[in-house]
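Structure file data_39.cif (mmCIF, C-alpha atoms) follows.
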data_final
loop_
_atom_site.label_atom_id
_atom_site.label_comp_id
_atom_site.auth_asym_id
_atom_site.auth_seq_id
_atom_site.Cartn_x
_atom_site.Cartn_y
_atom_site.Cartn_z
CA MET A 1 -3.96 -4.64 0.65
CA ILE A 2 -2.81 -5.71 -2.78
CA GLN A 3 -3.12 -9.38 -3.74
CA ARG A 4 0.33 -10.55 -4.82
CA LYS A 5 -1.29 -12.77 -7.43
CA GLN A 6 1.86 -14.16 -9.01
CA TYR A 7 3.24 -15.40 -5.69
CA MET A 8 -0.15 -16.42 -4.33
CA SER A 9 -0.81 -18.62 -7.34
CA LYS A 10 2.46 -20.47 -6.71
CA LEU A 11 1.56 -21.10 -3.08
CA ILE A 12 -1.93 -22.26 -4.02
CA ARG A 13 -0.55 -24.69 -6.60
CA MET A 14 1.85 -26.12 -4.01
CA LYS A 15 -0.73 -26.40 -1.22
CA ASP A 16 -0.78 -29.83 0.49
CA GLU A 17 2.20 -31.05 -1.55
CA LYS A 18 5.01 -32.85 0.29
CA ILE A 19 7.42 -29.94 -0.06
CA ILE A 20 8.75 -27.10 2.08
CA ARG A 21 8.00 -23.67 0.67
CA VAL A 22 10.85 -21.19 1.19
CA ILE A 23 9.99 -17.57 0.42
CA THR A 24 13.06 -15.35 0.14
CA GLY A 25 13.68 -11.72 -0.71
CA ILE A 26 14.93 -8.41 0.59
CA ARG A 27 13.34 -7.11 3.78
CA ARG A 28 10.01 -5.31 3.41
CA CYS A 29 9.33 -6.67 -0.06
CA GLY A 30 6.08 -8.22 1.21
CA LYS A 31 6.94 -11.73 2.45
CA SER A 32 5.03 -11.42 5.75
CA THR A 33 2.02 -9.93 3.98
CA LEU A 34 2.09 -12.80 1.49
CA LEU A 35 1.87 -15.29 4.36
CA MET A 36 -1.10 -13.38 5.79
CA LEU A 37 -2.84 -13.36 2.41
CA PHE A 38 -2.31 -17.09 2.04
CA GLN A 39 -3.63 -17.75 5.54
CA ASP A 40 -6.75 -15.76 4.63
CA TYR A 41 -7.08 -17.91 1.51
CA LEU A 42 -6.86 -21.07 3.61
CA LYS A 43 -9.55 -19.85 6.00
CA GLN A 44 -11.82 -18.93 3.10
CA ASN A 45 -11.41 -22.48 1.81
CA GLY A 46 -12.35 -24.42 4.91
CA VAL A 47 -9.19 -24.39 7.03
CA LYS A 48 -9.94 -23.62 10.70
CA ASP A 49 -7.95 -21.20 12.84
CA ASN A 50 -6.56 -24.01 15.01
CA GLN A 51 -5.04 -25.62 11.91
CA ILE A 52 -2.74 -22.62 11.39
CA VAL A 53 0.43 -22.02 13.43
CA SER A 54 2.00 -18.69 12.52
CA ILE A 55 5.16 -17.24 14.10
CA ASN A 56 6.92 -14.04 13.07
CA PHE A 57 10.38 -13.95 14.60
CA GLU A 58 10.54 -10.16 14.29
CA ASP A 59 7.77 -10.04 16.91
CA MET A 60 9.22 -10.00 20.44
CA GLN A 61 6.35 -12.13 21.81
CA TYR A 62 8.06 -15.08 20.13
CA GLU A 63 11.56 -14.31 21.40
CA HIS A 64 11.41 -17.29 23.76
CA LEU A 65 11.14 -19.55 20.71
CA MET A 66 14.57 -18.59 19.38
CA ASP A 67 15.74 -21.87 20.93
CA TYR A 68 15.07 -24.48 18.25
CA GLN A 69 14.04 -27.17 20.76
CA LYS A 70 11.48 -24.85 22.39
CA LEU A 71 10.24 -23.87 18.94
CA TYR A 72 9.75 -27.50 17.98
CA GLU A 73 7.89 -28.28 21.22
CA TYR A 74 5.68 -25.21 20.74
CA ILE A 75 4.67 -26.28 17.23
CA ILE A 76 4.20 -29.98 18.05
CA ALA A 77 1.83 -29.06 20.88
CA ARG A 78 -0.37 -27.23 18.36
CA LEU A 79 -0.61 -29.85 15.63
CA VAL A 80 -4.19 -30.98 15.07
CA GLU A 81 -4.62 -34.74 15.30
CA GLY A 82 -6.04 -36.25 12.14
CA GLN A 83 -6.10 -32.92 10.27
CA ARG A 84 -3.56 -31.00 8.23
CA THR A 85 -1.78 -28.21 10.10
CA TYR A 86 -0.24 -25.29 8.22
CA VAL A 87 2.93 -23.95 9.87
CA PHE A 88 4.27 -20.49 8.95
CA LEU A 89 7.70 -19.43 10.22
CA ASP A 90 8.51 -15.86 9.23
CA GLU A 91 12.16 -14.64 9.17
CA ILE A 92 13.28 -17.97 10.54
CA GLN A 93 16.96 -17.33 9.87
CA SER A 94 16.95 -15.67 13.31
CA VAL A 95 16.71 -19.11 14.94
CA PRO A 96 20.01 -21.04 15.22
CA ASN A 97 19.65 -24.63 13.95
CA PHE A 98 16.16 -23.91 12.61
CA GLN A 99 16.75 -26.44 9.83
CA ARG A 100 16.40 -29.24 12.39
CA VAL A 101 12.90 -28.02 13.25
CA VAL A 102 11.91 -27.70 9.61
CA ASP A 103 13.24 -31.14 8.74
CA SER A 104 11.43 -32.75 11.68
CA LEU A 105 8.15 -31.10 10.62
CA TYR A 106 8.69 -32.20 7.02
CA ILE A 107 8.80 -35.89 7.90
CA ARG A 108 5.48 -35.69 9.75
CA ASP A 109 2.22 -36.45 7.97
CA ASN A 110 -0.39 -33.72 7.54
CA VAL A 111 1.97 -30.79 8.09
CA ASP A 112 2.49 -28.04 5.50
CA VAL A 113 5.56 -25.89 6.21
CA TYR A 114 6.11 -22.35 4.91
CA ILE A 115 9.21 -20.37 5.87
CA THR A 116 10.54 -16.95 4.91
CA GLY A 117 13.97 -15.42 5.14
CA SER A 118 15.82 -12.26 4.15
CA ASN A 119 19.20 -13.83 3.60
CA ALA A 120 20.24 -16.42 1.02
CA HIS A 121 22.68 -17.82 3.59
CA MET A 122 19.73 -19.74 5.05
CA LEU A 123 19.66 -21.84 1.87
CA SER A 124 23.32 -22.74 2.03
CA GLY A 125 25.39 -25.03 4.18
CA ASP A 126 23.48 -27.20 6.61
CA LEU A 127 20.03 -26.31 5.33
CA ALA A 128 20.90 -27.19 1.76
CA THR A 129 22.30 -30.51 2.99
CA VAL A 130 19.47 -31.38 5.37
CA LEU A 131 16.65 -30.28 3.09
CA SER A 132 18.16 -31.19 -0.26
CA GLY A 133 15.37 -31.96 -2.71
CA ARG A 134 12.71 -31.16 -0.11
CA TYR A 135 12.08 -27.47 -0.68
CA ILE A 136 11.07 -25.04 -3.41
CA GLU A 137 12.32 -21.46 -3.23
CA ILE A 138 10.07 -18.58 -4.21
CA ASN A 139 12.21 -15.48 -4.61
CA MET A 140 10.06 -12.43 -3.93
CA LEU A 141 10.65 -8.90 -5.18
CA PRO A 142 9.08 -5.53 -4.37
CA LEU A 143 6.02 -4.57 -6.41
CA SER A 144 5.91 -4.97 -10.16
CA PHE A 145 4.67 -1.92 -12.05
CA ALA A 146 1.32 -3.65 -12.64
CA GLU A 147 0.98 -4.22 -8.88
CA TYR A 148 2.13 -0.66 -8.17
CA LEU A 149 -0.50 0.74 -10.52
CA GLU A 150 -3.17 -1.42 -8.90
CA LEU A 151 -2.15 -0.28 -5.41
CA LYS A 152 -2.27 3.34 -6.55
CA GLY A 153 -5.83 2.79 -7.77
CA GLY A 154 -5.11 3.06 -11.47
CA GLY A 155 -4.98 6.54 -12.96
CA ASP A 156 -2.69 7.69 -15.73
CA LYS A 157 -0.15 4.93 -16.29
CA ARG A 158 2.59 7.31 -17.42
CA ASP A 159 2.29 9.47 -14.32
CA ALA A 160 2.31 6.30 -12.24
CA PHE A 161 5.41 5.06 -14.01
CA THR A 162 7.23 8.31 -13.28
CA SER A 163 6.46 7.79 -9.61
CA TYR A 164 7.50 4.13 -9.81
CA TYR A 165 10.74 5.12 -11.51
CA LEU A 166 11.54 7.81 -8.92
CA ASN A 167 10.33 6.19 -5.70
CA GLY A 168 10.80 2.46 -6.17
CA ALA A 169 8.36 -0.25 -5.22
CA PHE A 170 8.63 -1.33 -1.60
CA PRO A 171 4.93 -1.89 -0.81
CA GLN A 172 4.72 0.28 2.30
CA ALA A 173 6.76 3.09 0.71
CA THR A 174 4.24 3.17 -2.13
CA VAL A 175 1.45 4.41 0.15
CA ILE A 176 3.56 7.07 1.90
CA ALA A 177 2.71 10.42 0.32
CA ASP A 178 5.29 12.59 2.06
CA ASP A 179 8.64 12.49 0.21
CA GLU A 180 10.73 13.01 3.36
CA VAL A 181 8.89 10.34 5.33
CA ARG A 182 9.18 7.92 2.41
CA SER A 183 12.91 8.59 2.15
CA ASP A 184 13.32 7.95 5.89
CA TYR A 185 11.39 4.69 5.55
CA ILE A 186 13.63 3.48 2.71
CA ARG A 187 16.72 4.52 4.65
CA GLY A 188 15.41 2.43 7.54
CA ILE A 189 15.14 -0.60 5.24
CA TYR A 190 18.66 -0.02 3.94
CA ASN A 191 20.14 0.36 7.43
CA THR A 192 18.37 -2.74 8.71
CA VAL A 193 19.55 -4.83 5.78
CA LEU A 194 23.07 -3.47 6.05
CA LEU A 195 23.49 -3.87 9.80
CA LYS A 196 21.28 -6.89 10.56
CA ASP A 197 21.49 -9.05 7.44
CA ILE A 198 25.03 -8.24 6.34
CA VAL A 199 27.28 -6.68 8.99
CA ALA A 200 26.10 -8.79 11.92
CA ARG A 201 25.78 -12.03 9.96
CA ARG A 202 29.10 -11.71 8.12
CA LYS A 203 30.87 -10.06 11.08
CA ILE A 204 32.03 -7.19 8.88
CA SER A 205 34.12 -4.63 10.74
CA ASP A 206 34.62 -2.01 8.00
CA VAL A 207 31.05 -0.82 7.42
CA ALA A 208 32.25 2.25 5.53
CA LEU A 209 34.04 0.06 2.99
CA LEU A 210 30.94 -2.11 2.59
CA GLU A 211 28.92 1.03 1.82
CA SER A 212 31.56 2.16 -0.67
CA VAL A 213 31.24 -1.15 -2.51
CA ALA A 214 27.44 -0.86 -2.49
CA ARG A 215 27.61 2.73 -3.76
CA PHE A 216 29.97 1.75 -6.57
CA LEU A 217 27.70 -1.08 -7.72
CA PHE A 218 24.56 1.06 -7.44
CA ASP A 219 26.33 3.69 -9.55
CA ASN A 220 27.24 1.05 -12.14
CA ILE A 221 24.05 -0.98 -12.55
CA GLY A 222 24.03 -2.45 -16.03
CA ASN A 223 27.75 -1.85 -16.54
CA ILE A 224 30.19 -4.72 -16.91
CA THR A 225 32.37 -4.86 -13.83
CA SER A 226 34.65 -7.09 -11.76
CA SER A 227 36.11 -7.30 -8.27
CA ASN A 228 39.44 -6.04 -9.60
CA LYS A 229 37.79 -3.04 -11.21
CA ILE A 230 35.90 -2.17 -8.01
CA ALA A 231 39.02 -2.57 -5.88
CA ASP A 232 41.09 -0.40 -8.25
CA SER A 233 38.40 2.28 -8.28
CA LEU A 234 38.09 2.39 -4.50
CA THR A 235 41.87 2.46 -4.12
CA SER A 236 42.13 5.41 -6.52
CA PHE A 237 39.74 7.29 -4.24
CA GLY A 238 41.84 6.55 -1.15
CA ARG A 239 40.01 3.38 0.02
CA LYS A 240 42.71 0.80 -0.53
CA THR A 241 41.23 -2.68 -0.62
CA ALA A 242 41.88 -6.09 -2.16
CA PRO A 243 39.70 -7.82 -4.78
CA VAL A 244 39.06 -10.72 -2.39
CA THR A 245 37.56 -8.31 0.15
CA VAL A 246 35.38 -6.82 -2.55
CA GLU A 247 34.23 -10.31 -3.56
CA ASN A 248 33.19 -11.05 0.02
CA TYR A 249 31.25 -7.80 0.31
CA VAL A 250 29.53 -8.28 -3.05
CA SER A 251 28.58 -11.80 -2.00
CA ALA A 252 27.11 -10.42 1.23
CA LEU A 253 25.04 -7.84 -0.67
CA MET A 254 23.74 -10.58 -2.93
CA ASP A 255 22.93 -12.87 0.01
CA ALA A 256 20.76 -10.09 1.46
CA TYR A 257 18.98 -9.75 -1.90
CA VAL A 258 20.19 -6.17 -2.30
CA LEU A 259 21.94 -7.05 -5.58
CA TYR A 260 21.42 -9.57 -8.36
CA LYS A 261 24.29 -10.73 -10.53
CA VAL A 262 23.85 -11.49 -14.23
CA GLN A 263 26.42 -13.49 -16.18
CA ARG A 264 27.38 -12.88 -19.78
CA TYR A 265 26.55 -15.50 -22.42
CA ASN A 266 28.40 -16.00 -25.67
CA VAL A 267 25.57 -16.39 -28.17
CA LYS A 268 27.72 -17.92 -30.92
CA GLY A 269 29.81 -20.09 -28.59
CA LYS A 270 26.71 -21.04 -26.57
CA GLN A 271 28.41 -20.84 -23.19
CA HIS A 272 28.45 -18.58 -20.15
CA LEU A 273 31.53 -16.44 -19.65
CA LYS A 274 33.21 -16.65 -16.26
CA SER A 275 34.16 -13.02 -15.77
CA LEU A 276 32.91 -9.46 -16.11
CA GLU A 277 29.34 -9.72 -14.84
CA LYS A 278 26.67 -7.06 -14.44
CA TYR A 279 24.72 -6.23 -11.30
CA TYR A 280 21.23 -4.86 -10.71
CA VAL A 281 19.67 -3.54 -7.52
CA SER A 282 16.53 -5.16 -6.07
CA ASP A 283 14.72 -1.83 -5.81
CA ILE A 284 15.72 1.36 -7.54
CA SER A 285 14.83 3.45 -4.46
CA LEU A 286 17.97 2.10 -2.76
CA ARG A 287 20.07 3.49 -5.60
CA HIS A 288 18.39 6.88 -5.35
CA LEU A 289 18.96 6.81 -1.58
CA LEU A 290 22.72 6.35 -1.84
CA LEU A 291 23.39 8.38 -4.96
CA GLY A 292 20.78 11.11 -4.63
CA GLU A 293 19.64 13.22 -7.56
CA ARG A 294 23.08 13.56 -9.08
CA ASN A 295 23.09 10.35 -11.06
CA ARG A 296 19.90 9.30 -12.75
CA ASP A 297 21.08 7.43 -15.81
CA ILE A 298 17.67 6.89 -17.39
CA GLY A 299 18.73 4.05 -19.67
CA ARG A 300 20.40 2.06 -16.88
CA ILE A 301 17.49 2.53 -14.50
CA LEU A 302 15.04 1.36 -17.16
CA GLU A 303 17.31 -1.60 -17.78
CA ASN A 304 17.23 -2.42 -14.05
CA ILE A 305 13.42 -2.25 -14.02
CA VAL A 306 13.15 -4.56 -17.04
CA TYR A 307 15.62 -7.03 -15.54
CA LEU A 308 13.57 -7.31 -12.34
CA GLU A 309 10.41 -7.80 -14.38
CA LEU A 310 11.98 -10.64 -16.34
CA ILE A 311 13.07 -12.58 -13.25
CA ARG A 312 9.70 -11.78 -11.67
CA ARG A 313 8.12 -13.56 -14.63
CA GLY A 314 10.25 -16.64 -14.04
CA PHE A 315 12.96 -16.17 -16.65
CA ASN A 316 16.62 -17.02 -16.26
CA VAL A 317 18.44 -13.95 -17.53
CA SER A 318 21.88 -13.55 -19.10
CA ILE A 319 23.75 -10.75 -20.89
CA GLY A 320 24.29 -11.63 -24.55
CA LYS A 321 27.71 -11.30 -26.19
CA VAL A 322 27.57 -11.35 -29.99
CA GLY A 323 31.09 -10.79 -31.29
CA ASP A 324 31.97 -7.25 -30.23
CA LYS A 325 28.29 -6.37 -29.69
CA GLU A 326 26.04 -6.88 -26.70
CA VAL A 327 22.39 -7.80 -26.14
CA ASP A 328 21.07 -6.46 -22.85
CA PHE A 329 19.11 -9.57 -21.89
CA ILE A 330 18.62 -13.14 -23.06
CA ALA A 331 15.61 -14.45 -21.15
CA THR A 332 15.07 -18.21 -21.08
CA ALA A 333 12.45 -20.44 -19.47
CA GLY A 334 12.35 -24.08 -20.53
CA ASP A 335 12.46 -24.14 -24.32
CA LYS A 336 11.39 -20.49 -24.52
CA LYS A 337 13.95 -17.80 -25.35
CA VAL A 338 13.49 -14.05 -25.88
CA TYR A 339 16.07 -11.33 -26.62
CA TYR A 340 15.67 -7.80 -25.23
CA GLN A 341 17.39 -4.49 -25.75
CA VAL A 342 16.49 -1.59 -23.45
CA ALA A 343 16.94 2.12 -24.22
CA ALA A 344 15.27 5.35 -23.16
CA SER A 345 14.71 6.27 -26.82
CA VAL A 346 15.82 5.23 -30.29
CA LEU A 347 14.54 8.29 -32.14
CA ASP A 348 18.11 9.29 -32.85
CA PRO A 349 19.27 7.28 -35.92
CA ALA A 350 22.64 6.42 -34.37
CA THR A 351 20.98 5.09 -31.22
CA PHE A 352 18.46 3.16 -33.30
CA GLU A 353 21.28 1.45 -35.16
CA ARG A 354 23.24 0.73 -31.97
CA GLU A 355 20.28 -0.96 -30.29
CA PHE A 356 18.93 -2.92 -33.27
CA GLU A 357 22.18 -4.13 -34.84
CA PRO A 358 23.11 -6.72 -32.13
CA LEU A 359 19.69 -8.34 -32.59
CA ARG A 360 19.97 -8.38 -36.39
CA VAL A 361 23.14 -10.47 -36.34
CA ILE A 362 21.55 -13.24 -34.25
CA ARG A 363 20.42 -15.80 -36.81
CA ASP A 364 17.73 -17.69 -34.96
CA HIS A 365 13.95 -17.46 -34.90
CA TYR A 366 13.38 -16.55 -31.24
CA PRO A 367 11.48 -13.29 -30.53
CA LYS A 368 13.54 -10.12 -30.36
CA PHE A 369 12.41 -6.86 -28.75
CA VAL A 370 13.71 -3.34 -28.28
CA LEU A 371 12.02 -1.74 -25.26
CA THR A 372 11.95 2.06 -25.11
CA MET A 373 9.93 4.95 -23.72
CA ASP A 374 9.10 6.17 -27.24
CA GLU A 375 5.37 6.74 -27.74
CA LEU A 376 5.27 5.57 -31.35
CA PRO A 377 7.48 2.48 -31.49
CA THR A 378 8.38 1.01 -34.85
CA GLY A 379 10.37 -2.10 -35.72
CA ASP A 380 13.02 -3.43 -38.03
CA ASN A 381 13.67 -6.73 -39.81
CA GLY A 382 11.27 -8.70 -37.60
CA ILE A 383 12.52 -7.03 -34.42
CA GLN A 384 9.65 -5.49 -32.46
CA GLN A 385 9.94 -2.16 -30.70
CA VAL A 386 7.63 -1.94 -27.67
CA ASN A 387 6.97 0.81 -25.15
CA ILE A 388 8.39 -0.18 -21.76
CA ILE A 389 5.22 0.75 -19.88
CA ASP A 390 3.14 -1.42 -22.19
CA PHE A 391 5.63 -4.26 -21.74
CA LEU A 392 5.45 -4.00 -17.94
CA LEU A 393 1.65 -4.13 -18.04
CA SER A 394 1.46 -7.00 -20.52
CA GLU A 395 0.67 -10.55 -19.43
#

Please go through the file and, once you have read it, give me the structure as structure tokens.
Amino acid sequence: MIQRKQYMSKLIRMKDEKIIRVITGIRRCGKSTLLMLFQDYLKQNGVKDNQIVSINFEDMQYEHLMDYQKLYEYIIARLVEGQRTYVFLDEIQSVPNFQRVVDSLYIRDNVDVYITGSNAHMLSGDLATVLSGRYIEINMLPLSFAEYLELKGGGDKRDAFTSYYLNGAFPQATVIADDEVRSDYIRGIYNTVLLKDIVARRKISDVALLESVARFLFDNIGNITSSNKIADSLTSFGRKTAPVTVENYVSALMDAYVLYKVQRYNVKGKQHLKSLEKYYVSDISLRHLLLGERNRDIGRILENIVYLELIRRGFNVSIGKVGDKEVDFIATAGDKKVYYQVAASVLDPATFEREFEPLRVIRDHYPKFVLTMDELPTGDNGIQQVNIIDFLLSE
């Protein structure tokens, strides 16, 4: 079992703090395993078994606790008098009014609360109101390439990256050797997310239209798009729909952590633009599942992988607009800012110029990188060219 060190370190730093830890992310990205790893850490550091209350609401043995009052009574009966009790509630969005339980546990002394969920809806509405200022969200993703390589036991990093690029990074899928079985497993994830986290929760009746929207966005990762553009495209293919319907479906896909939206930022005007965003998929295997072998746009897939790595590292990410030019990513964290361009290769002089020129015209002193798969990267005018694999494995 791989140690999800980045997420574990966050949980360890927050241990015993008066805060609710909310771990979110797409299904099967490793949230339940993370809770198990952290429980093992607690036990290795002096916490006794009776100080841990752990409930996974995907396990039918806990179905009777779907009533929030029964859940509260169950947990209260297991609190250890005079000692800290660590309460883990996995996939808690299944419990109506669960926020009342979490809030009641929060106000008690000597209780640490950890919850996970596969839908951002759990952090909106009543929960956001009740728990405002009382929780920290840790958004979890499938494996980084460094984690993937570790799980694979090392080996040639370029061969491993090819596998990562083709098969995605859901932890369990990584250890499935058979291509057909792995594909079936990923399809199972997709169907569960679609039907359980989106269709049932949003009460969507036109599942085929929802899939059409998902397929369009998967096909256009890294491309500027809008609800109007999606609606027009679907209508031209005989699926007449309105932009407002598209907006609702896109919102649902984002709530289930299938998609991430990135806004554009006017570098010179220093403001975010309110239209024409880009979208990236939470794991590239989902794109391959829906689109098959027919559409493997190498540059866009690499861009998707880099985007996920940047948010995994804690950056806020925007698309940079510099006049009529574009910078793939502006990554900011506190007072730190880094610019990134992503391309499969810049060996062709025209491509080199296209990728480097937007960075040249930005007149500040923040680091600027062009990430490619080229084996012998160069640079230009202070702009560093770095191999993508090396970037993914860097600290």

Would you translate the PyMOL selection byres ((chain A and resi 98-114) around 9) into the concrete set of residues it matches in this file, as number ranges by chain?
-> A: 15-23, 35, 66-69, 71-72, 75-76, 79-90, 92-97, 115-116, 122, 126-127, 130-131, 134

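With only C-alpha atoms as the atoms that count, the minimum distance from A:Gln341 to the choices A:Gly154, A:Gly133, A:Gly320, A:Pro243 is reached by A:Gly320.
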
Find the residues near stretch 248-255 of chain A: any atom within 7 Å, counting all atoms listed in the file, skip ones fewer than 3 places away on the same chain, and give them as a ChimeraX atom specification.
-> /A:119-121,198,210,244-245,258-260

Compile the contact shell of stretch 308-313 of chain A as JSON, numbers by chain: residues with an atom at most 9 Å away, counting only C-alpha atoms, same-chain residues fewer than 4 positions apart removed.
-> {"A": [6, 139, 140, 141, 144, 145, 280, 281, 282, 283, 303, 304, 317, 331, 392]}

A:Glu58 environment, 9 Å, all atoms listed in the file, sequence neighbours closer than 2 positions dropped, as a PyMOL selection string = chain A and resi 55-56+60-63+90-91+94

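Between atom CA of A:Leu393 and atom CA of A:Lys31 the separation is 22.5 Å.
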
Pick out the closest residue to A:Tyr148 from this set: A:Thr129, A:Thr241, A:Ser9, A:Gln3. Count only C-alpha atoms.
->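 Nearest to A:Tyr148: A:Gln3.
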
Atom CA of A:Ile221 to atom CA of A:Ala344, straight-line distance in Å = 15.2 Å

A:Val338, A:Ala350, A:Met36, A:Ala169: which is nearest A:Pro367, counting all atoms listed in the file?
->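 Of A:Val338, A:Ala350, A:Met36, A:Ala169, the one nearest A:Pro367, counting all atoms listed in the file, is A:Val338.
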
Selected residue of minimal separation from A:Val327 among A:Tyr265, A:Phe38, A:Phe352, A:Tyr257, counting only C-alpha atoms =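 Between A:Tyr265, A:Phe38, A:Phe352, A:Tyr257, the residue approaching A:Val327 most closely is A:Tyr265.
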
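Separating atom CA of A:Leu289 from atom CA of A:Thr162 is a distance of 16.6 Å.
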
If the PyMOL selection byres ((chain A and resi 161) around 12) were run on this exact file, what residues would it hold? Put them as a PDB file with C-alpha atoms, in the coordinates of the input.
ATOM      1  CA  SER A 144       5.910  -4.970 -10.160  1.00  0.00           C
ATOM      2  CA  PHE A 145       4.670  -1.920 -12.050  1.00  0.00           C
ATOM      3  CA  ALA A 146       1.320  -3.650 -12.640  1.00  0.00           C
ATOM      4  CA  GLU A 147       0.980  -4.220  -8.880  1.00  0.00           C
ATOM      5  CA  TYR A 148       2.130  -0.660  -8.170  1.00  0.00           C
ATOM      6  CA  LEU A 149      -0.500   0.740 -10.520  1.00  0.00           C
ATOM      7  CA  GLU A 150      -3.170  -1.420  -8.900  1.00  0.00           C
ATOM      8  CA  LYS A 152      -2.270   3.340  -6.550  1.00  0.00           C
ATOM      9  CA  GLY A 154      -5.110   3.060 -11.470  1.00  0.00           C
ATOM     10  CA  GLY A 155      -4.980   6.540 -12.960  1.00  0.00           C
ATOM     11  CA  ASP A 156      -2.690   7.690 -15.730  1.00  0.00           C
ATOM     12  CA  LYS A 157      -0.150   4.930 -16.290  1.00  0.00           C
ATOM     13  CA  ARG A 158       2.590   7.310 -17.420  1.00  0.00           C
ATOM     14  CA  ASP A 159       2.290   9.470 -14.320  1.00  0.00           C
ATOM     15  CA  ALA A 160       2.310   6.300 -12.240  1.00  0.00           C
ATOM     16  CA  THR A 162       7.230   8.310 -13.280  1.00  0.00           C
ATOM     17  CA  SER A 163       6.460   7.790  -9.610  1.00  0.00           C
ATOM     18  CA  TYR A 164       7.500   4.130  -9.810  1.00  0.00           C
ATOM     19  CA  TYR A 165      10.740   5.120 -11.510  1.00  0.00           C
ATOM     20  CA  LEU A 166      11.540   7.810  -8.920  1.00  0.00           C
ATOM     21  CA  ASN A 167      10.330   6.190  -5.700  1.00  0.00           C
ATOM     22  CA  GLY A 168      10.800   2.460  -6.170  1.00  0.00           C
ATOM     23  CA  ALA A 169       8.360  -0.250  -5.220  1.00  0.00           C
ATOM     24  CA  LEU A 302      15.040   1.360 -17.160  1.00  0.00           C
ATOM     25  CA  ILE A 305      13.420  -2.250 -14.020  1.00  0.00           C
ATOM     26  CA  MET A 373       9.930   4.950 -23.720  1.00  0.00           C
ATOM     27  CA  ILE A 388       8.390  -0.180 -21.760  1.00  0.00           C
ATOM     28  CA  ILE A 389       5.220   0.750 -19.880  1.00  0.00           C
ATOM     29  CA  ASP A 390       3.140  -1.420 -22.190  1.00  0.00           C
ATOM     30  CA  LEU A 392       5.450  -4.000 -17.940  1.00  0.00           C
ATOM     31  CA  LEU A 393       1.650  -4.130 -18.040  1.00  0.00           C
TER      32      LEU A 393
END

Which is closer to A:Arg187 than all the others in A:His272, A:Lys240, A:Lys48, A:His288, using all atoms listed in the file?
-> A:His288

Residue with smallest distance to A:Lys336 - pool A:Phe170, A:Tyr74, A:Tyr366, A:Phe356, counting all atoms listed in the file | A:Tyr366

Would you write out, as an mmCIF file with C-alpha atoms, in the frame of the given file, every residue that the PyMOL selection byres ((chain A and resi 191-196) around 10) captures in this file?
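Written output follows (selection.cif):
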data_model
loop_
_atom_site.group_PDB
_atom_site.id
_atom_site.type_symbol
_atom_site.label_atom_id
_atom_site.label_comp_id
_atom_site.auth_asym_id
_atom_site.auth_seq_id
_atom_site.Cartn_x
_atom_site.Cartn_y
_atom_site.Cartn_z
ATOM 1 C CA ILE A 26 14.930 -8.410 0.590
ATOM 2 C CA ARG A 27 13.340 -7.110 3.780
ATOM 3 C CA ARG A 28 10.010 -5.310 3.410
ATOM 4 C CA SER A 118 15.820 -12.260 4.150
ATOM 5 C CA ASN A 119 19.200 -13.830 3.600
ATOM 6 C CA TYR A 185 11.390 4.690 5.550
ATOM 7 C CA ILE A 186 13.630 3.480 2.710
ATOM 8 C CA ARG A 187 16.720 4.520 4.650
ATOM 9 C CA GLY A 188 15.410 2.430 7.540
ATOM 10 C CA ILE A 189 15.140 -0.600 5.240
ATOM 11 C CA TYR A 190 18.660 -0.020 3.940
ATOM 12 C CA ASP A 197 21.490 -9.050 7.440
ATOM 13 C CA ILE A 198 25.030 -8.240 6.340
ATOM 14 C CA VAL A 199 27.280 -6.680 8.990
ATOM 15 C CA ALA A 200 26.100 -8.790 11.920
ATOM 16 C CA ARG A 201 25.780 -12.030 9.960
ATOM 17 C CA ARG A 202 29.100 -11.710 8.120
ATOM 18 C CA LYS A 203 30.870 -10.060 11.080
ATOM 19 C CA ILE A 204 32.030 -7.190 8.880
ATOM 20 C CA VAL A 207 31.050 -0.820 7.420
ATOM 21 C CA LEU A 210 30.940 -2.110 2.590
ATOM 22 C CA GLU A 211 28.920 1.030 1.820
ATOM 23 C CA ALA A 214 27.440 -0.860 -2.490
ATOM 24 C CA ALA A 252 27.110 -10.420 1.230
ATOM 25 C CA LEU A 253 25.040 -7.840 -0.670
ATOM 26 C CA ALA A 256 20.760 -10.090 1.460
ATOM 27 C CA TYR A 257 18.980 -9.750 -1.900
ATOM 28 C CA VAL A 258 20.190 -6.170 -2.300
#
